[in-house]
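Everything below concerns the one structure shown next.
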Amino acid sequence: MSELSTAKQCAKKMWSGDKASKALGMKIEIREVGSATASMEVRDDMVNGFDICHGGLLFTLADTAFAFACNAYNRRSFAASGNIEFFRPAKLGDKLRAFATEDHRGRNSGYYTVKVHNGDNKLVALFRGRSFSRDEPLLPEENDT
């Protein structure tokens, strides 16, 4: 299996059990190994009292892209840390895209940057995350099937 095929199969496996991202209406795209795009539209149940998307949901969108990017290598990876900076508000009806890219990947850890843009391609938020990987496969080993 090619590296990109492995990344897509890992994403498919993760997506099958990801109730939170599905409930938020997210979509996931894997176009290259070590990166992922998560997208969602800001609904009326996602805005705060100022009609602005709740910051925690922006974090969730970015964290989802991060998770799919760092789990592309068929090794279970988890967030060890993450932080976000907000640049402009996301509003009701905005179509958001969070693009995660791999900055560095070592034996057990990785560093990722996620840029969240609105439909006008303006930067809404910048997320940075560090992953920790276990030596456990995400996909069933060929001998296990």
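Letters A, B, ... go to the chains of the structure tokens in the order shown; residues in each chain start at 1; ligands are counted from 1 in the same order.
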- Task: Compile the contact shell of His104 of chain A as a PyMOL selection string: residues with an atom at most 12 Å away, counting only C-alpha atoms, same-chain residues fewer than 5 positions apart removed.
- Result: chain A and resi 34-35+69-70+109-113+128-131
Go ahead and dump the residues you just picked, N, CA, C and O atoms, as a PDB file, in the first residue's frame.
ATOM      1  N   GLY A  34       0.678  13.324   6.078  1.00  0.00           N
ATOM      2  CA  GLY A  34       1.094  14.291   7.085  1.00  0.00           C
ATOM      3  C   GLY A  34       0.315  15.584   7.058  1.00  0.00           C
ATOM      4  O   GLY A  34       0.656  16.524   7.779  1.00  0.00           O
ATOM      5  N   SER A  35      -0.724  15.649   6.255  1.00  0.00           N
ATOM      6  CA  SER A  35      -1.576  16.833   6.243  1.00  0.00           C
ATOM      7  C   SER A  35      -3.030  16.397   6.143  1.00  0.00           C
ATOM      8  O   SER A  35      -3.326  15.267   5.750  1.00  0.00           O
ATOM      9  N   ALA A  69      -4.027  14.532  10.500  1.00  0.00           N
ATOM     10  CA  ALA A  69      -2.688  14.683   9.913  1.00  0.00           C
ATOM     11  C   ALA A  69      -1.665  13.818  10.638  1.00  0.00           C
ATOM     12  O   ALA A  69      -0.845  13.147  10.004  1.00  0.00           O
ATOM     13  N   CYS A  70      -1.698  13.818  11.964  1.00  0.00           N
ATOM     14  CA  CYS A  70      -0.651  13.096  12.703  1.00  0.00           C
ATOM     15  C   CYS A  70      -0.900  11.597  12.792  1.00  0.00           C
ATOM     16  O   CYS A  70      -0.004  10.850  13.163  1.00  0.00           O
ATOM     17  N   SER A 109       7.177  11.734  18.389  1.00  0.00           N
ATOM     18  CA  SER A 109       6.430  12.985  18.479  1.00  0.00           C
ATOM     19  C   SER A 109       6.453  13.721  17.150  1.00  0.00           C
ATOM     20  O   SER A 109       7.305  13.473  16.296  1.00  0.00           O
ATOM     21  N   GLY A 110       5.488  14.606  16.999  1.00  0.00           N
ATOM     22  CA  GLY A 110       5.393  15.421  15.797  1.00  0.00           C
ATOM     23  C   GLY A 110       4.873  16.798  16.150  1.00  0.00           C
ATOM     24  O   GLY A 110       4.233  16.990  17.189  1.00  0.00           O
ATOM     25  N   TYR A 111       5.175  17.757  15.290  1.00  0.00           N
ATOM     26  CA  TYR A 111       4.720  19.135  15.477  1.00  0.00           C
ATOM     27  C   TYR A 111       3.954  19.556  14.231  1.00  0.00           C
ATOM     28  O   TYR A 111       4.423  19.335  13.104  1.00  0.00           O
ATOM     29  N   TYR A 112       2.798  20.170  14.435  1.00  0.00           N
ATOM     30  CA  TYR A 112       1.893  20.497  13.343  1.00  0.00           C
ATOM     31  C   TYR A 112       1.381  21.924  13.487  1.00  0.00           C
ATOM     32  O   TYR A 112       1.202  22.420  14.604  1.00  0.00           O
ATOM     33  N   THR A 113       1.146  22.556  12.343  1.00  0.00           N
ATOM     34  CA  THR A 113       0.516  23.864  12.297  1.00  0.00           C
ATOM     35  C   THR A 113      -0.809  23.716  11.557  1.00  0.00           C
ATOM     36  O   THR A 113      -0.862  23.050  10.516  1.00  0.00           O
ATOM     37  N   ARG A 128      -1.320  25.387  16.885  1.00  0.00           N
ATOM     38  CA  ARG A 128      -0.090  24.594  16.851  1.00  0.00           C
ATOM     39  C   ARG A 128      -0.271  23.431  17.808  1.00  0.00           C
ATOM     40  O   ARG A 128      -0.756  23.617  18.939  1.00  0.00           O
ATOM     41  N   GLY A 129       0.111  22.254  17.354  1.00  0.00           N
ATOM     42  CA  GLY A 129      -0.050  21.075  18.187  1.00  0.00           C
ATOM     43  C   GLY A 129       1.167  20.179  18.166  1.00  0.00           C
ATOM     44  O   GLY A 129       1.928  20.155  17.187  1.00  0.00           O
ATOM     45  N   ARG A 130       1.334  19.452  19.249  1.00  0.00           N
ATOM     46  CA  ARG A 130       2.400  18.455  19.372  1.00  0.00           C
ATOM     47  C   ARG A 130       1.732  17.116  19.607  1.00  0.00           C
ATOM     48  O   ARG A 130       0.848  16.983  20.460  1.00  0.00           O
ATOM     49  N   SER A 131       2.139  16.121  18.841  1.00  0.00           N
ATOM     50  CA  SER A 131       1.558  14.787  18.974  1.00  0.00           C
ATOM     51  C   SER A 131       2.552  13.837  19.630  1.00  0.00           C
ATOM     52  O   SER A 131       3.760  14.047  19.574  1.00  0.00           O
TER      53      SER A 131
END
- as a PyMOL selection string, which residues of chain A does DSSP assign to strand (DSSP E or B)? chain A and resi 27-29+36-41+47+52-53+77-86+91+95-105+109-117+123-133
- In terms of the shortest atom-to-atom distance over only C-alpha atoms, which of A:Phe68, A:Phe86, A:Phe99, A:Phe59 is closest to Met14 of chain A? A:Phe68
- Item | Neighbour list for Leu126 of chain A as a list in words, cut-off 10 Å, only C-alpha atoms, skip fewer than 6 positions in-chain |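 Near Leu126 of chain A, the qualifying residues are Leu58, Phe59, Ala62, Asn83, Ile84, Glu85, Phe86, Phe87, Ala98, Phe99, Ala100, Thr113, Val114, Lys115, Val116 and His117 of chain A.
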Same residues, C-alpha atoms, saved as a PDB file, in the first residue's frame:
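Once everything was written out, this is selection16.pdb:
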ATOM      1  CA  LEU A  58     -12.714  26.659  16.286  1.00  0.00           C
ATOM      2  CA  PHE A  59     -10.230  24.772  18.471  1.00  0.00           C
ATOM      3  CA  ALA A  62      -8.320  22.720  14.136  1.00  0.00           C
ATOM      4  CA  ASN A  83      -2.746  26.050  21.486  1.00  0.00           C
ATOM      5  CA  ILE A  84      -4.669  28.469  19.335  1.00  0.00           C
ATOM      6  CA  GLU A  85      -4.588  32.143  18.491  1.00  0.00           C
ATOM      7  CA  PHE A  86      -7.639  33.932  17.105  1.00  0.00           C
ATOM      8  CA  PHE A  87      -7.224  36.607  14.418  1.00  0.00           C
ATOM      9  CA  ALA A  98      -8.672  24.032   8.776  1.00  0.00           C
ATOM     10  CA  PHE A  99      -5.537  22.914   6.949  1.00  0.00           C
ATOM     11  CA  ALA A 100      -3.026  20.948   9.032  1.00  0.00           C
ATOM     12  CA  THR A 113       0.516  23.864  12.297  1.00  0.00           C
ATOM     13  CA  VAL A 114      -3.159  24.301  11.465  1.00  0.00           C
ATOM     14  CA  LYS A 115      -4.452  27.398   9.704  1.00  0.00           C
ATOM     15  CA  VAL A 116      -8.197  28.037   9.897  1.00  0.00           C
ATOM     16  CA  HIS A 117      -9.594  30.186   7.076  1.00  0.00           C
TER      17      HIS A 117
END
- 6 Å contact set for Ala65 of chain A, only C-alpha atoms, chain neighbours under 5 positions out, as a ChimeraX atom specification: /A:36-38,100
- Item | Neighbour list for Asp51 of chain A as a ChimeraX atom specification, cut-off 12 Å, only C-alpha atoms, skip fewer than 6 positions in-chain | /A:42-45,89-94
Output for the residues just chosen: all heavy atoms as an mmCIF file, in the first residue's frame:
data_model
loop_
_atom_site.group_PDB
_atom_site.id
_atom_site.type_symbol
_atom_site.label_atom_id
_atom_site.label_comp_id
_atom_site.auth_asym_id
_atom_site.auth_seq_id
_atom_site.Cartn_x
_atom_site.Cartn_y
_atom_site.Cartn_z
ATOM 1 N N VAL A 42 -20.430 27.216 10.022
ATOM 2 C CA VAL A 42 -20.865 27.711 11.333
ATOM 3 C C VAL A 42 -22.391 27.776 11.343
ATOM 4 O O VAL A 42 -23.000 28.521 10.571
ATOM 5 C CB VAL A 42 -20.249 29.094 11.646
ATOM 6 C CG1 VAL A 42 -20.739 29.583 13.006
ATOM 7 C CG2 VAL A 42 -18.720 29.037 11.611
ATOM 8 N N ARG A 43 -22.995 26.973 12.213
ATOM 9 C CA ARG A 43 -24.457 26.901 12.349
ATOM 10 C C ARG A 43 -24.913 27.780 13.506
ATOM 11 O O ARG A 43 -24.110 28.223 14.322
ATOM 12 C CB ARG A 43 -24.879 25.455 12.629
ATOM 13 C CG ARG A 43 -24.389 24.447 11.617
ATOM 14 C CD ARG A 43 -24.895 23.043 11.930
ATOM 15 N NE ARG A 43 -24.665 22.661 13.309
ATOM 16 C CZ ARG A 43 -24.171 21.490 13.712
ATOM 17 N NH1 ARG A 43 -23.834 20.571 12.821
ATOM 18 N NH2 ARG A 43 -24.010 21.226 14.982
ATOM 19 N N ASP A 44 -26.233 27.957 13.603
ATOM 20 C CA ASP A 44 -26.769 28.816 14.674
ATOM 21 C C ASP A 44 -26.559 28.235 16.066
ATOM 22 O O ASP A 44 -26.529 28.980 17.039
ATOM 23 C CB ASP A 44 -28.232 29.172 14.429
ATOM 24 C CG ASP A 44 -29.175 27.973 14.441
ATOM 25 O OD1 ASP A 44 -28.705 26.820 14.515
ATOM 26 O OD2 ASP A 44 -30.389 28.200 14.375
ATOM 27 N N ASP A 45 -26.359 26.924 16.171
ATOM 28 C CA ASP A 45 -26.095 26.322 17.478
ATOM 29 C C ASP A 45 -24.602 26.333 17.827
ATOM 30 O O ASP A 45 -24.189 25.757 18.827
ATOM 31 C CB ASP A 45 -26.656 24.900 17.563
ATOM 32 C CG ASP A 45 -26.037 23.931 16.571
ATOM 33 O OD1 ASP A 45 -25.427 24.378 15.576
ATOM 34 O OD2 ASP A 45 -26.170 22.711 16.780
ATOM 35 N N PRO A 89 -13.111 37.010 13.928
ATOM 36 C CA PRO A 89 -14.239 36.158 14.286
ATOM 37 C C PRO A 89 -14.753 35.343 13.098
ATOM 38 O O PRO A 89 -14.659 35.782 11.953
ATOM 39 C CB PRO A 89 -15.304 37.147 14.766
ATOM 40 C CG PRO A 89 -14.955 38.446 14.131
ATOM 41 C CD PRO A 89 -13.471 38.437 13.947
ATOM 42 N N ALA A 90 -15.259 34.180 13.399
ATOM 43 C CA ALA A 90 -16.009 33.381 12.428
ATOM 44 C C ALA A 90 -17.480 33.612 12.754
ATOM 45 O O ALA A 90 -17.874 33.587 13.921
ATOM 46 C CB ALA A 90 -15.648 31.913 12.547
ATOM 47 N N LYS A 91 -18.264 33.842 11.731
ATOM 48 C CA LYS A 91 -19.658 34.233 11.936
ATOM 49 C C LYS A 91 -20.617 33.171 11.415
ATOM 50 O O LYS A 91 -20.234 32.290 10.643
ATOM 51 C CB LYS A 91 -19.915 35.570 11.247
ATOM 52 C CG LYS A 91 -19.043 36.680 11.800
ATOM 53 C CD LYS A 91 -19.233 37.957 11.034
ATOM 54 C CE LYS A 91 -18.270 39.015 11.570
ATOM 55 N NZ LYS A 91 -18.236 40.198 10.761
ATOM 56 N N LEU A 92 -21.850 33.295 11.837
ATOM 57 C CA LEU A 92 -22.908 32.403 11.392
ATOM 58 C C LEU A 92 -22.889 32.298 9.870
ATOM 59 O O LEU A 92 -22.849 33.309 9.175
ATOM 60 C CB LEU A 92 -24.262 32.939 11.871
ATOM 61 C CG LEU A 92 -25.497 32.118 11.504
ATOM 62 C CD1 LEU A 92 -25.447 30.753 12.171
ATOM 63 C CD2 LEU A 92 -26.763 32.859 11.926
ATOM 64 N N GLY A 93 -22.878 31.066 9.359
ATOM 65 C CA GLY A 93 -22.877 30.827 7.925
ATOM 66 C C GLY A 93 -21.500 30.731 7.299
ATOM 67 O O GLY A 93 -21.373 30.293 6.146
ATOM 68 N N ASP A 94 -20.455 31.133 8.027
ATOM 69 C CA ASP A 94 -19.099 31.020 7.480
ATOM 70 C C ASP A 94 -18.753 29.561 7.211
ATOM 71 O O ASP A 94 -19.036 28.677 8.028
ATOM 72 C CB ASP A 94 -18.053 31.587 8.447
ATOM 73 C CG ASP A 94 -17.890 33.090 8.361
ATOM 74 O OD1 ASP A 94 -18.475 33.709 7.449
ATOM 75 O OD2 ASP A 94 -17.168 33.642 9.212
#
- Task: Might you pull out every residue within 9 Å of Asn71 of chain A, with only C-alpha atoms counted and same-chain residues fewer than 3 positions away left off, and present them as a ChimeraX atom specification?
- Result: /A:7,10-11,14,34,66-68,74-78,133,138
For the selection just defined, write its residues with N, CA and C atoms to a file, as a PDB file, in the first residue's frame.
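The new file selection21.pdb reads:
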ATOM      1  N   ALA A   7      -2.431   6.618   4.574  1.00  0.00           N
ATOM      2  CA  ALA A   7      -2.981   7.800   5.250  1.00  0.00           C
ATOM      3  C   ALA A   7      -4.496   7.862   5.086  1.00  0.00           C
ATOM      4  N   CYS A  10      -6.136   5.151   7.213  1.00  0.00           N
ATOM      5  CA  CYS A  10      -6.120   5.565   8.625  1.00  0.00           C
ATOM      6  C   CYS A  10      -7.234   6.575   8.880  1.00  0.00           C
ATOM      7  N   ALA A  11      -7.398   7.527   7.965  1.00  0.00           N
ATOM      8  CA  ALA A  11      -8.455   8.532   8.106  1.00  0.00           C
ATOM      9  C   ALA A  11      -9.836   7.875   8.080  1.00  0.00           C
ATOM     10  N   MET A  14     -10.385   6.222  11.436  1.00  0.00           N
ATOM     11  CA  MET A  14     -10.664   7.221  12.478  1.00  0.00           C
ATOM     12  C   MET A  14     -12.064   7.808  12.308  1.00  0.00           C
ATOM     13  N   GLY A  34       0.678  13.324   6.078  1.00  0.00           N
ATOM     14  CA  GLY A  34       1.094  14.291   7.085  1.00  0.00           C
ATOM     15  C   GLY A  34       0.315  15.584   7.058  1.00  0.00           C
ATOM     16  N   PHE A  66      -5.631  18.411  12.857  1.00  0.00           N
ATOM     17  CA  PHE A  66      -4.370  17.984  13.479  1.00  0.00           C
ATOM     18  C   PHE A  66      -4.372  16.467  13.712  1.00  0.00           C
ATOM     19  N   ALA A  67      -5.442  15.947  14.278  1.00  0.00           N
ATOM     20  CA  ALA A  67      -5.530  14.516  14.581  1.00  0.00           C
ATOM     21  C   ALA A  67      -5.414  13.659  13.323  1.00  0.00           C
ATOM     22  N   PHE A  68      -6.107  14.073  12.269  1.00  0.00           N
ATOM     23  CA  PHE A  68      -6.056  13.285  11.036  1.00  0.00           C
ATOM     24  C   PHE A  68      -4.687  13.388  10.370  1.00  0.00           C
ATOM     25  N   ASN A  74      -0.093   5.173  10.279  1.00  0.00           N
ATOM     26  CA  ASN A  74      -0.492   3.891  10.861  1.00  0.00           C
ATOM     27  C   ASN A  74       0.164   3.634  12.217  1.00  0.00           C
ATOM     28  N   ARG A  75       0.312   4.677  12.988  1.00  0.00           N
ATOM     29  CA  ARG A  75       0.741   4.589  14.380  1.00  0.00           C
ATOM     30  C   ARG A  75      -0.198   5.469  15.186  1.00  0.00           C
ATOM     31  N   ARG A  76      -0.812   4.897  16.218  1.00  0.00           N
ATOM     32  CA  ARG A  76      -1.760   5.676  17.031  1.00  0.00           C
ATOM     33  C   ARG A  76      -1.051   6.880  17.626  1.00  0.00           C
ATOM     34  N   SER A  77      -1.581   8.046  17.318  1.00  0.00           N
ATOM     35  CA  SER A  77      -1.007   9.300  17.794  1.00  0.00           C
ATOM     36  C   SER A  77      -2.070  10.094  18.533  1.00  0.00           C
ATOM     37  N   PHE A  78      -1.621  10.793  19.554  1.00  0.00           N
ATOM     38  CA  PHE A  78      -2.520  11.557  20.413  1.00  0.00           C
ATOM     39  C   PHE A  78      -1.962  12.958  20.592  1.00  0.00           C
ATOM     40  N   SER A 133       3.200   9.624  19.603  1.00  0.00           N
ATOM     41  CA  SER A 133       2.814   8.386  18.924  1.00  0.00           C
ATOM     42  C   SER A 133       3.251   7.174  19.717  1.00  0.00           C
ATOM     43  N   LEU A 138      -2.714   1.623  13.839  1.00  0.00           N
ATOM     44  CA  LEU A 138      -4.098   2.094  13.787  1.00  0.00           C
ATOM     45  C   LEU A 138      -4.940   1.127  12.970  1.00  0.00           C
TER      46      LEU A 138
END
- Query: For Val124 of chain A, which residue among A:Ala72, A:Gly55, A:Ser81, A:Met26 is the nearest when counting only C-alpha atoms?
  - Reply: A:Gly55
- Message: With DSSP run on the backbone, what are the helix (DSSP H, G or I) residues within chain A? I'd like them as a PyMOL selection string.
- Response: chain A and resi 3-16+19-23+44-46+55-70+142-144
Same residues, C-alpha atoms, output as a JSON list (two decimals), in the first residue's frame:
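Dumped to selection-v1.json:
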[["chain", "number", "residue", "atom", "x", "y", "z"],
["A", 3, "GLU", "CA", 1.94, 6.06, 1.90],
["A", 4, "LEU", "CA", -1.02, 8.12, 0.68],
["A", 5, "SER", "CA", -3.25, 5.03, 0.60],
["A", 6, "THR", "CA", -2.19, 4.23, 4.16],
["A", 7, "ALA", "CA", -2.98, 7.80, 5.25],
["A", 8, "LYS", "CA", -6.44, 7.62, 3.64],
["A", 9, "GLN", "CA", -7.16, 4.21, 5.21],
["A", 10, "CYS", "CA", -6.12, 5.56, 8.63],
["A", 11, "ALA", "CA", -8.46, 8.53, 8.11],
["A", 12, "LYS", "CA", -11.31, 6.21, 7.10],
["A", 13, "LYS", "CA", -10.76, 4.13, 10.25],
["A", 14, "MET", "CA", -10.66, 7.22, 12.48],
["A", 15, "TRP", "CA", -13.70, 8.79, 10.79],
["A", 16, "SER", "CA", -15.80, 5.67, 11.33],
["A", 19, "LYS", "CA", -19.05, 11.00, 16.49],
["A", 20, "ALA", "CA", -18.02, 14.49, 17.66],
["A", 21, "SER", "CA", -16.73, 15.68, 14.29],
["A", 22, "LYS", "CA", -19.73, 14.18, 12.50],
["A", 23, "ALA", "CA", -22.14, 15.88, 14.92],
["A", 44, "ASP", "CA", -26.77, 28.82, 14.67],
["A", 45, "ASP", "CA", -26.09, 26.32, 17.48],
["A", 46, "MET", "CA", -22.35, 27.13, 17.26],
["A", 55, "GLY", "CA", -13.72, 29.68, 20.20],
["A", 56, "GLY", "CA", -13.87, 26.16, 21.56],
["A", 57, "LEU", "CA", -15.47, 25.01, 18.32],
["A", 58, "LEU", "CA", -12.71, 26.66, 16.29],
["A", 59, "PHE", "CA", -10.23, 24.77, 18.47],
["A", 60, "THR", "CA", -12.18, 21.55, 17.84],
["A", 61, "LEU", "CA", -12.07, 22.07, 14.07],
["A", 62, "ALA", "CA", -8.32, 22.72, 14.14],
["A", 63, "ASP", "CA", -7.72, 19.82, 16.54],
["A", 64, "THR", "CA", -9.61, 17.49, 14.22],
["A", 65, "ALA", "CA", -7.43, 18.42, 11.24],
["A", 66, "PHE", "CA", -4.37, 17.98, 13.48],
["A", 67, "ALA", "CA", -5.53, 14.52, 14.58],
["A", 68, "PHE", "CA", -6.06, 13.28, 11.04],
["A", 69, "ALA", "CA", -2.69, 14.68, 9.91],
["A", 70, "CYS", "CA", -0.65, 13.10, 12.70],
["A", 142, "GLU", "CA", -2.23, -7.97, 7.46],
["A", 143, "ASN", "CA", -1.75, -11.10, 9.59],
["A", 144, "ASP", "CA", -4.73, -10.06, 11.77]]
- Do a neighbour search on Ser39 of chain A at 6 Å with only C-alpha atoms, toss out local chain neighbours closer than 2 positions, and write the hits as a PyMOL selection string. chain A and resi 26-27+96-97
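What separates atom CA of Ile52 of chain A from atom CA of Glu102 of chain A is a distance of 29.0 Å.
The gap separating atom CA of Pro140 of chain A from atom CA of Arg31 of chain A is 22.2 Å, in Å to one decimal.
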